[in-house]
>>> print(open('data_26.cif').read())   # mmCIF, C-alpha atoms
data_upload
#
loop_
_atom_site.group_PDB
_atom_site.id
_atom_site.type_symbol
_atom_site.label_atom_id
_atom_site.label_comp_id
_atom_site.auth_asym_id
_atom_site.auth_seq_id
_atom_site.Cartn_x
_atom_site.Cartn_y
_atom_site.Cartn_z
ATOM 1 C CA MET A 156 -13.113 7.215 28.370
ATOM 2 C CA LYS A 157 -11.186 5.138 25.891
ATOM 3 C CA ARG A 158 -7.468 5.851 25.629
ATOM 4 C CA ASN A 159 -5.568 5.108 22.437
ATOM 5 C CA ASN A 160 -2.090 3.559 22.302
ATOM 6 C CA VAL A 161 -2.051 2.719 26.003
ATOM 7 C CA PHE A 162 0.524 0.100 26.938
ATOM 8 C CA LEU A 163 -0.250 -1.586 30.196
ATOM 9 C CA CYS A 164 3.209 -2.936 30.858
ATOM 10 C CA SER A 165 6.712 -1.815 30.075
ATOM 11 C CA ILE A 166 7.441 -1.354 26.384
ATOM 12 C CA LEU A 167 10.550 -3.017 24.980
ATOM 13 C CA LEU A 168 11.775 0.191 23.393
ATOM 14 C CA ILE A 169 10.194 3.364 22.090
ATOM 15 C CA ILE A 170 11.192 3.973 18.490
ATOM 16 C CA ILE A 171 13.289 7.117 18.507
ATOM 17 C CA ILE A 172 13.277 9.984 16.057
ATOM 18 C CA SER A 173 16.475 9.822 14.085
ATOM 19 C CA GLY A 174 18.984 12.464 15.009
ATOM 20 C CA SER A 175 19.400 13.183 11.321
ATOM 21 C CA ILE A 176 15.972 14.788 11.011
ATOM 22 C CA PHE A 177 17.527 18.126 11.858
ATOM 23 C CA SER A 178 19.866 18.073 8.878
ATOM 24 C CA SER A 179 18.986 19.296 5.431
ATOM 25 C CA ALA A 180 17.756 16.662 3.012
ATOM 26 C CA PHE A 181 20.454 15.694 0.546
ATOM 27 C CA GLY A 182 19.722 16.994 -2.938
ATOM 28 C CA SER A 183 16.316 18.351 -1.933
ATOM 29 C CA SER A 184 14.540 21.520 -2.963
ATOM 30 C CA ASP A 185 13.495 24.176 -0.463
ATOM 31 C CA ASN A 186 9.973 22.777 -0.747
ATOM 32 C CA VAL A 187 11.111 19.299 0.320
ATOM 33 C CA THR A 188 13.057 20.757 3.243
ATOM 34 C CA SER A 189 9.982 22.696 4.339
ATOM 35 C CA LEU A 190 7.744 19.622 4.077
ATOM 36 C CA ILE A 191 10.146 17.543 6.171
ATOM 37 C CA LYS A 192 10.331 20.298 8.787
ATOM 38 C CA ASN A 193 6.519 20.367 8.957
ATOM 39 C CA GLY A 194 6.477 16.590 9.301
ATOM 40 C CA ASN A 195 8.995 16.709 12.138
ATOM 41 C CA ASN A 196 6.930 19.345 13.947
ATOM 42 C CA ALA A 197 3.861 17.125 13.541
ATOM 43 C CA ILE A 198 5.758 14.224 15.149
ATOM 44 C CA TYR A 199 6.692 16.411 18.114
ATOM 45 C CA ALA A 200 2.994 17.299 18.417
ATOM 46 C CA LYS A 201 2.166 13.545 18.274
ATOM 47 C CA ASN A 202 0.202 14.103 15.074
ATOM 48 C CA PHE A 203 1.709 11.058 13.398
ATOM 49 C CA THR A 204 -0.889 10.785 10.634
ATOM 50 C CA GLY A 205 -0.300 14.414 9.713
ATOM 51 C CA ALA A 206 3.458 13.839 9.747
ATOM 52 C CA ILE A 207 3.083 10.974 7.281
ATOM 53 C CA SER A 208 1.157 13.250 4.926
ATOM 54 C CA TYR A 209 4.043 15.747 4.873
ATOM 55 C CA TYR A 210 6.650 13.031 4.331
ATOM 56 C CA ASP A 211 4.581 11.526 1.503
ATOM 57 C CA GLN A 212 4.529 14.902 -0.232
ATOM 58 C CA ALA A 213 8.296 15.192 0.172
ATOM 59 C CA LEU A 214 8.832 11.676 -1.195
ATOM 60 C CA LYS A 215 6.754 12.461 -4.300
ATOM 61 C CA ILE A 216 9.315 15.156 -5.090
ATOM 62 C CA ASN A 217 12.370 13.157 -4.016
ATOM 63 C CA PRO A 218 11.678 9.411 -3.487
ATOM 64 C CA ASN A 219 15.201 8.859 -2.163
ATOM 65 C CA ASN A 220 15.172 11.531 0.521
ATOM 66 C CA THR A 221 16.629 9.719 3.501
ATOM 67 C CA ASN A 222 15.164 12.023 6.132
ATOM 68 C CA ALA A 223 11.640 11.604 4.798
ATOM 69 C CA LEU A 224 12.042 7.815 4.612
ATOM 70 C CA ILE A 225 13.426 7.527 8.141
ATOM 71 C CA ASN A 226 10.866 9.734 9.785
ATOM 72 C CA LYS A 227 7.915 8.279 7.935
ATOM 73 C CA GLY A 228 9.083 4.988 9.430
ATOM 74 C CA VAL A 229 9.225 6.633 12.864
ATOM 75 C CA ALA A 230 5.684 7.979 12.444
ATOM 76 C CA LEU A 231 4.401 4.565 11.338
ATOM 77 C CA GLY A 232 6.093 2.983 14.333
ATOM 78 C CA ASN A 233 4.343 5.385 16.676
ATOM 79 C CA LEU A 234 1.073 4.320 15.044
ATOM 80 C CA GLN A 235 2.009 0.715 15.897
ATOM 81 C CA ASN A 236 2.484 -0.165 12.222
ATOM 82 C CA PHE A 237 5.865 -1.781 12.759
ATOM 83 C CA THR A 238 5.824 -3.748 9.506
ATOM 84 C CA GLY A 239 5.292 -0.529 7.567
ATOM 85 C CA ALA A 240 7.980 1.214 9.595
ATOM 86 C CA ILE A 241 10.503 -1.513 8.795
ATOM 87 C CA SER A 242 9.782 -1.210 5.062
ATOM 88 C CA TYR A 243 10.749 2.498 5.120
ATOM 89 C CA PHE A 244 13.806 1.864 7.262
ATOM 90 C CA ASP A 245 14.871 -0.749 4.703
ATOM 91 C CA GLN A 246 14.513 1.795 1.900
ATOM 92 C CA ALA A 247 16.726 4.209 3.816
ATOM 93 C CA LEU A 248 19.279 1.447 4.436
ATOM 94 C CA LYS A 249 19.507 0.759 0.704
ATOM 95 C CA ILE A 250 20.741 4.342 0.347
ATOM 96 C CA ASN A 251 23.076 4.188 3.364
ATOM 97 C CA PRO A 252 23.541 0.703 4.892
ATOM 98 C CA ASN A 253 25.674 2.132 7.709
ATOM 99 C CA ASN A 254 23.178 4.665 9.056
ATOM 100 C CA THR A 255 23.150 3.749 12.748
ATOM 101 C CA ASP A 256 19.976 5.740 13.465
ATOM 102 C CA VAL A 257 18.077 3.659 10.919
ATOM 103 C CA LEU A 258 19.581 0.392 12.119
ATOM 104 C CA ASN A 259 18.599 1.194 15.707
ATOM 105 C CA ASN A 260 15.069 2.145 14.686
ATOM 106 C CA LYS A 261 14.671 -0.989 12.587
ATOM 107 C CA GLY A 262 15.939 -3.076 15.491
ATOM 108 C CA ALA A 263 13.409 -1.468 17.836
ATOM 109 C CA ALA A 264 10.572 -2.190 15.392
ATOM 110 C CA LEU A 265 11.720 -5.806 15.079
ATOM 111 C CA ILE A 266 11.638 -6.125 18.870
ATOM 112 C CA LYS A 267 8.039 -4.951 18.793
ATOM 113 C CA GLU A 268 7.264 -7.720 16.289
ATOM 114 C CA GLY A 269 8.939 -10.293 18.502
ATOM 115 C CA LYS A 270 11.735 -10.897 15.971
ATOM 116 C CA PHE A 271 14.518 -10.837 18.528
ATOM 117 C CA ASP A 272 17.248 -12.519 16.490
ATOM 118 C CA GLU A 273 16.764 -10.104 13.567
ATOM 119 C CA ALA A 274 16.697 -7.159 15.956
ATOM 120 C CA ASN A 275 19.900 -8.341 17.591
ATOM 121 C CA SER A 276 21.570 -8.543 14.168
ATOM 122 C CA ASN A 277 20.753 -4.875 13.500
ATOM 123 C CA PHE A 278 22.223 -3.797 16.826
ATOM 124 C CA ASP A 279 25.344 -5.855 16.132
ATOM 125 C CA LYS A 280 25.771 -3.945 12.855
ATOM 126 C CA VAL A 281 25.518 -0.678 14.786
ATOM 127 C CA LEU A 282 28.179 -1.807 17.259
ATOM 128 C CA LYS A 283 30.557 -2.768 14.464
ATOM 129 C CA ILE A 284 30.324 0.825 13.284
ATOM 130 C CA ASN A 285 30.281 2.374 16.740
ATOM 131 C CA PRO A 286 31.169 -0.048 19.561
ATOM 132 C CA LYS A 287 30.040 2.468 22.189
ATOM 133 C CA ASN A 288 26.605 3.226 20.703
ATOM 134 C CA SER A 289 24.476 3.462 23.845
ATOM 135 C CA ILE A 290 21.163 2.780 22.081
ATOM 136 C CA ALA A 291 22.353 -0.478 20.529
ATOM 137 C CA LEU A 292 23.983 -1.590 23.781
ATOM 138 C CA SER A 293 20.810 -0.817 25.725
ATOM 139 C CA ASN A 294 18.612 -2.644 23.220
ATOM 140 C CA LYS A 295 20.804 -5.735 23.266
ATOM 141 C CA LYS A 296 20.426 -5.770 27.039
ATOM 142 C CA VAL A 297 16.644 -5.466 26.639
ATOM 143 C CA ILE A 298 16.632 -8.452 24.289
ATOM 144 C CA SER A 299 18.815 -10.469 26.653
ATOM 145 C CA ASN A 300 16.469 -9.743 29.555
ATOM 146 C CA ARG A 301 13.292 -10.433 27.592
ATOM 147 C CA TYR A 302 14.270 -13.424 25.528
ATOM 148 C CA ASN A 303 16.971 -15.997 26.123
ATOM 149 C CA PRO A 304 17.036 -18.232 23.016
ATOM 150 C CA THR A 305 18.832 -21.023 24.884
ATOM 151 C CA GLN A 306 16.464 -21.150 27.835
ATOM 152 C CA PRO A 307 13.644 -23.127 26.154
ATOM 153 C CA TYR A 308 16.032 -25.946 25.320
ATOM 154 C CA ASN A 309 17.344 -26.251 28.850
ATOM 155 C CA ALA A 310 13.892 -26.789 30.300
ATOM 156 C CA SER A 311 13.313 -30.263 31.718
ATOM 157 C CA ARG A 312 9.785 -30.451 30.329
ATOM 158 C CA PHE A 313 8.069 -27.306 29.050
ATOM 159 C CA THR A 314 8.736 -23.695 28.226
ATOM 160 C CA LEU A 315 5.652 -21.581 27.585
ATOM 161 C CA PHE A 316 5.827 -18.082 26.074
ATOM 162 C CA ALA A 317 2.706 -15.920 26.261
ATOM 163 C CA GLN A 318 1.908 -12.664 24.457
ATOM 164 C CA VAL A 319 -1.340 -10.702 24.388
ATOM 165 C CA GLU A 320 -2.517 -7.858 22.160
ATOM 166 C CA ILE A 321 -5.683 -5.800 22.137
ATOM 167 C CA ARG A 322 -6.364 -3.892 18.915
ATOM 168 C CA ASP A 323 -9.207 -1.487 18.220
ATOM 169 C CA LYS A 324 -11.441 -1.616 15.137
ATOM 170 C CA ASP A 325 -8.864 0.466 13.224
ATOM 171 C CA ASN A 326 -6.162 -2.110 14.095
ATOM 172 C CA HIS A 327 -4.332 0.271 16.446
ATOM 173 C CA LEU A 328 -2.556 -1.467 19.314
ATOM 174 C CA VAL A 329 -4.245 -0.300 22.526
ATOM 175 C CA GLY A 330 -3.138 -2.999 24.954
ATOM 176 C CA TYR A 331 -0.046 -5.164 24.904
ATOM 177 C CA ILE A 332 1.792 -7.646 27.062
ATOM 178 C CA GLU A 333 5.249 -8.515 25.815
ATOM 179 C CA PRO A 334 6.263 -12.131 25.183
ATOM 180 C CA GLN A 335 7.053 -13.578 28.561
ATOM 181 C CA ILE A 336 7.854 -17.020 29.917
ATOM 182 C CA ILE A 337 5.105 -18.228 32.223
ATOM 183 C CA GLN A 338 4.843 -21.270 34.437
ATOM 184 C CA VAL A 339 2.966 -24.349 33.246
ATOM 185 C CA PRO A 340 0.544 -25.060 36.106
ATOM 186 C CA ASP A 341 -0.386 -28.635 35.100
ATOM 187 C CA PRO A 342 2.209 -30.306 32.838
ATOM 188 C CA ASP A 343 0.326 -33.635 32.668
ATOM 189 C CA PHE A 344 -2.843 -31.912 31.492
ATOM 190 C CA LEU A 345 -0.897 -29.822 28.951
ATOM 191 C CA ASP A 346 0.683 -32.989 27.510
ATOM 192 C CA ILE A 347 -2.801 -34.365 26.842
ATOM 193 C CA VAL A 348 -3.921 -31.103 25.207
ATOM 194 C CA LEU A 349 -0.869 -30.864 22.961
ATOM 195 C CA ASP A 350 -1.211 -34.488 21.838
ATOM 196 C CA THR A 351 -4.769 -33.815 20.646
ATOM 197 C CA TRP A 352 -3.992 -30.607 18.703
ATOM 198 C CA SER A 353 -4.146 -30.675 14.929
ATOM 199 C CA ALA A 354 -2.354 -28.082 12.816
ATOM 200 C CA GLY A 355 -4.539 -25.623 10.909
ATOM 201 C CA THR A 356 -6.952 -22.727 11.299
ATOM 202 C CA PHE A 357 -10.285 -23.268 12.992
ATOM 203 C CA ASN A 358 -13.374 -21.177 13.748
ATOM 204 C CA GLN A 359 -14.581 -21.918 17.241
ATOM 205 C CA SER A 360 -17.658 -19.929 18.269
ATOM 206 C CA GLY A 361 -16.454 -16.886 16.324
ATOM 207 C CA ALA A 362 -12.872 -17.070 17.594
ATOM 208 C CA ILE A 363 -10.219 -17.874 14.997
ATOM 209 C CA LEU A 364 -7.740 -20.438 16.292
ATOM 210 C CA THR A 365 -4.470 -21.070 14.472
ATOM 211 C CA ILE A 366 -2.201 -23.951 15.424
ATOM 212 C CA GLU A 367 1.260 -24.589 13.992
ATOM 213 C CA LYS A 368 3.350 -27.636 14.860
ATOM 214 C CA SER A 369 6.982 -28.347 14.089
ATOM 215 C CA THR A 370 9.962 -30.310 15.350
ATOM 216 C CA ILE A 371 13.395 -28.761 15.648
ATOM 217 C CA GLN A 372 16.763 -29.999 16.809
ATOM 218 C CA LYS A 373 18.938 -28.254 19.363
ATOM 219 C CA ASP A 374 22.243 -29.599 20.679
ATOM 220 C CA GLY A 375 21.460 -33.052 19.314
ATOM 221 C CA LYS A 376 18.005 -33.225 20.935
ATOM 222 C CA ASP A 377 14.589 -33.009 19.272
ATOM 223 C CA PHE A 378 11.969 -30.561 20.502
ATOM 224 C CA ASP A 379 8.298 -30.117 19.655
ATOM 225 C CA VAL A 380 7.304 -26.491 18.992
ATOM 226 C CA PHE A 381 3.629 -25.547 19.156
ATOM 227 C CA LYS A 382 2.456 -22.069 18.139
ATOM 228 C CA PHE A 383 -1.125 -21.295 19.107
ATOM 229 C CA SER A 384 -3.034 -18.073 18.549
ATOM 230 C CA ASN A 385 -6.599 -17.164 19.474
ATOM 231 C CA ASN A 386 -8.045 -14.149 17.626
ATOM 232 C CA SER A 387 -11.476 -13.019 18.816
ATOM 233 C CA THR A 388 -13.556 -9.870 18.291
ATOM 234 C CA PHE A 389 -15.435 -8.144 21.098
ATOM 235 C CA ASP A 390 -19.125 -7.722 20.250
ATOM 236 C CA GLY A 391 -20.249 -6.149 23.500
ATOM 237 C CA THR A 392 -21.370 -9.425 25.042
ATOM 238 C CA SER A 393 -18.537 -11.891 24.405
ATOM 239 C CA THR A 394 -15.941 -12.535 27.081
ATOM 240 C CA MET A 395 -12.364 -11.528 26.434
ATOM 241 C CA VAL A 396 -9.311 -11.294 28.662
ATOM 242 C CA SER A 397 -10.434 -10.496 32.183
ATOM 243 C CA LYS A 398 -9.790 -7.069 33.649
ATOM 244 C CA THR A 399 -7.809 -8.824 36.350
ATOM 245 C CA GLY A 400 -5.912 -11.425 34.381
ATOM 246 C CA TYR A 401 -5.843 -14.498 32.204
ATOM 247 C CA THR A 402 -5.870 -18.053 33.504
ATOM 248 C CA ILE A 403 -4.288 -21.276 32.392
ATOM 249 C CA GLY A 404 -5.523 -24.342 34.214
ATOM 250 C CA GLY A 405 -7.272 -22.107 36.737
ATOM 251 C CA ILE A 406 -4.102 -20.238 37.691
ATOM 252 C CA TRP A 407 -3.754 -16.507 37.015
ATOM 253 C CA VAL A 408 -0.724 -15.825 34.857
ATOM 254 C CA ILE A 409 -1.320 -12.324 33.434
ATOM 255 C CA TYR A 410 -2.559 -9.465 35.580
ATOM 256 C CA GLY A 411 -4.063 -6.010 35.097
ATOM 257 C CA PHE A 412 -4.345 -6.207 31.338
ATOM 258 C CA HIS A 413 -7.410 -4.034 30.835
ATOM 259 C CA ASP A 414 -6.689 -1.542 33.577
ATOM 260 C CA GLY A 415 -7.331 1.957 32.215
ATOM 261 C CA TYR A 416 -8.886 0.747 28.959
ATOM 262 C CA GLN A 417 -12.571 0.230 28.213
ATOM 263 C CA LEU A 418 -13.278 -2.393 25.570
ATOM 264 C CA GLU A 419 -15.491 -1.275 22.681
ATOM 265 C CA THR A 420 -17.364 -3.268 20.052
ATOM 266 C CA GLY A 421 -14.985 -4.244 17.266
ATOM 267 C CA ASP A 422 -11.897 -4.483 19.481
ATOM 268 C CA ARG A 423 -9.852 -7.628 18.886
ATOM 269 C CA GLU A 424 -7.936 -9.754 21.331
ATOM 270 C CA ILE A 425 -5.004 -11.819 20.084
ATOM 271 C CA LEU A 426 -3.540 -14.386 22.455
ATOM 272 C CA LYS A 427 -0.278 -15.938 21.235
ATOM 273 C CA PHE A 428 1.374 -18.897 22.909
ATOM 274 C CA THR A 429 4.573 -20.702 21.943
ATOM 275 C CA ILE A 430 5.148 -23.987 23.746
ATOM 276 C CA ILE A 431 8.401 -25.934 23.564
ATOM 277 C CA ARG A 432 8.868 -29.421 24.967
ATOM 278 C CA PRO A 433 11.377 -32.223 24.439
ATOM 279 C CA VAL A 434 10.158 -34.918 22.054
ATOM 280 C CA ARG A 435 8.956 -37.801 24.180
#
>>> encode(input="data_26.cif", output="C-alpha cells")
Amino acid sequence: MKRNNVFLCSILLIIIISGSIFSSAFGSSDNVTSLIKNGNNAIYAKNFTGAISYYDQALKINPNNTNALINKGVALGNLQNFTGAISYFDQALKINPNNTDVLNNKGAALIKEGKFDEANSNFDKVLKINPKNSIALSNKKVISNRYNPTQPYNASRFTLFAQVEIRDKDNHLVGYIEPQIIQVPDPDFLDIVLDTWSAGTFNQSGAILTIEKSTIQKDGKDFDVFKFSNNSTFDGTSTMVSKTGYTIGGIWVIYGFHDGYQLETGDREILKFTIIRPVR
C-alpha cells in the first residue's frame, strides 16, 4: 500500500506549530477565534488541508490575523509546500518582525528548500532576541552538521552534493534524501563528463535534464560550479532510482530510497547534483 509523506531518512527539522496558536487572535471577532481553534484542531488531527480551509475563512474576515497566517504556513509546511509556507511566515513577520516562533518556522522551511544560509540568518535573528532559544540553537547545529559552506572550497579536487526527491502526481513529497556530500568514485571520468556538458535544459528520452554552469571565487581561488538536475516521470515501465540505491560510476552511493514506498504511474523523481571543483 502506498504511504504518503514518508521520509526515508532523517528529516532536517519538522516545522513546529507556533506556541502562539493558543492565544486569542488580536483584534479578531469570536467567529475568527472559533475558526482558528477549528484549524488548530485539524492540524492536531493531521488534517492539514482542512486546517487551511479554516484559516482561509479567518483571513477573509481579518487578513492580518497573525495566528491564522502562522498556522496556515505550518499546515502548508506539513503538506510539503515549503515555498507557500514561507510566504505566509513572511506576511506574519511584516506584522511582527521579532516573532521568534515565525522566524524559527521560516528557518525550518528554508532548510527543507536547501537554503541553508537564509535559514541560518533567521535563526541568528532569533538568538539576538533570545540567546538561549533552544529551537534556533538546535537548528543551527543541524545546519552545521548537514552543510559546511567552507568544505567544498577546501577539497583538493571535487566536492559532490547529492539530493533526491520523489513526488507523487499531486506534487506531494513522498520520498526524500537530504543534500549530502558523496564520494566521487572516478575523478578522471567525471572531469571528462563535466568538460562536455553544455548549459541549458534538454529532453533526453522523456527525462528533463537541466544543467547550470558558473565560476565563483573563494579565498582568491576560482572554482567551477555545476548544478545538474534530472526530472523524470514514472510511467509504470521506466526505470527510476533503484529500491536498493543509486549508482555513480558503478558505485552505490544512496541506499534504501524506495523502502516502504511503492511507485505509482505519475510519480516523479528529481535527482539534484551540485559539483564544485577548482578551475584547472
>>> residues_around(input="data_26.cif", residues="segment 367-383 of chain A", least_positions_apart="3", cutoff="8 Å", atoms="all atoms listed in the file", output="list in words")
Tyr308, Leu349, Ala354, Gly355, Leu364, Lys427, Phe428, Thr429, Ile430, Ile431, Arg432, Pro433 and Val434 of chain A
>>> resolve_selection(input="data_26.cif", expression="the PyMOL selection byres ((chain A and resi 256-267) around 6)", output="ChimeraX atom specification")
/A:170,173,237,241,244,254-255,268-271,274,277
>>> write_last_selection(input="data_26.cif", atoms="C-alpha atoms", output="PDB file, in the frame of the given file")
ATOM      1  CA  ILE A 170      11.192   3.973  18.490  1.00  0.00           C
ATOM      2  CA  SER A 173      16.475   9.822  14.085  1.00  0.00           C
ATOM      3  CA  PHE A 237       5.865  -1.781  12.759  1.00  0.00           C
ATOM      4  CA  ILE A 241      10.503  -1.513   8.795  1.00  0.00           C
ATOM      5  CA  PHE A 244      13.806   1.864   7.262  1.00  0.00           C
ATOM      6  CA  ASN A 254      23.178   4.665   9.056  1.00  0.00           C
ATOM      7  CA  THR A 255      23.150   3.749  12.748  1.00  0.00           C
ATOM      8  CA  GLU A 268       7.264  -7.720  16.289  1.00  0.00           C
ATOM      9  CA  GLY A 269       8.939 -10.293  18.502  1.00  0.00           C
ATOM     10  CA  LYS A 270      11.735 -10.897  15.971  1.00  0.00           C
ATOM     11  CA  PHE A 271      14.518 -10.837  18.528  1.00  0.00           C
ATOM     12  CA  ALA A 274      16.697  -7.159  15.956  1.00  0.00           C
ATOM     13  CA  ASN A 277      20.753  -4.875  13.500  1.00  0.00           C
TER      14      ASN A 277
END
>>> resolve_selection(input="data_26.cif", expression="the PyMOL selection byres ((chain A and resi 201) around 12)", output="list in words")
Asn160, Ile172, Gly194, Asn195, Asn196, Ala197, Ile198, Tyr199, Ala200, Asn202, Phe203, Thr204, Gly205, Ala206, Ile207, Val229, Ala230, Leu231, Gly232, Asn233 and Leu234 of chain A
>>> residues_around(input="data_26.cif", residues="Gln246 of chain A", least_positions_apart="4", cutoff="12 Å", atoms="all atoms listed in the file", output="list in words")
Leu214, Pro218, Asn219, Asn220, Thr221, Asn222, Ala223, Leu224, Ile225, Asn226, Lys227, Gly228, Gly239, Ala240, Ile241, Ser242, Ile250, Asn251, Pro252, Asn254, Val257, Leu258 and Lys261 of chain A
>>> atom_distance(input="data_26.cif", atom1="atom CA of Leu292 of chain A", atom2="atom CA of Glu320 of chain A")
27.3 Å
>>> atom_distance(input="data_26.cif", atom1="atom CA of Val319 of chain A", atom2="atom CA of Leu426 of chain A")
4.7 Å
>>> atom_distance(input="data_26.cif", atom1="atom CA of His327 of chain A", atom2="atom CA of Gln235 of chain A")
6.4 Å
>>> residues_near_point(input="data_26.cif", point="(-1.1, -31.2, 27.7)", cutoff="12 Å", atoms="all atoms listed in the file", output="ChimeraX atom specification")
/A:312-313,315,339-352,381,403-404,430-432
>>> resolve_selection(input="data_26.cif", expression="the PyMOL selection byres ((chain A and resi 419) around 8)", output="list in words")
Asp323, Phe389, Asp390, Gly391, Gln417, Leu418, Thr420, Gly421 and Asp422 of chain A
>>> residues_around(input="data_26.cif", residues="segment 187-189 of chain A", least_positions_apart="6", cutoff="9 Å", atoms="all atoms listed in the file", output="list in words")
Ser179, Ala180, Tyr210, Gln212, Ala213, Leu214, Ile216, Asn217, Asn220 and Ala223 of chain A
>>> axis_aligned_box(input="data_26.cif", around="segment 231-239 of chain A", padding_each_side="8 Å", output="JSON")
{"center_x": 3.6, "center_y": 0.8, "center_z": 12.1, "size_x": 21.0, "size_y": 25.1, "size_z": 25.1}
>>> closest_residue(input="data_26.cif", among="A:Ile363, A:Asp245, A:Ile425, A:Val297", to="Gln318 of chain A", atoms="all atoms listed in the file")
A:Ile425
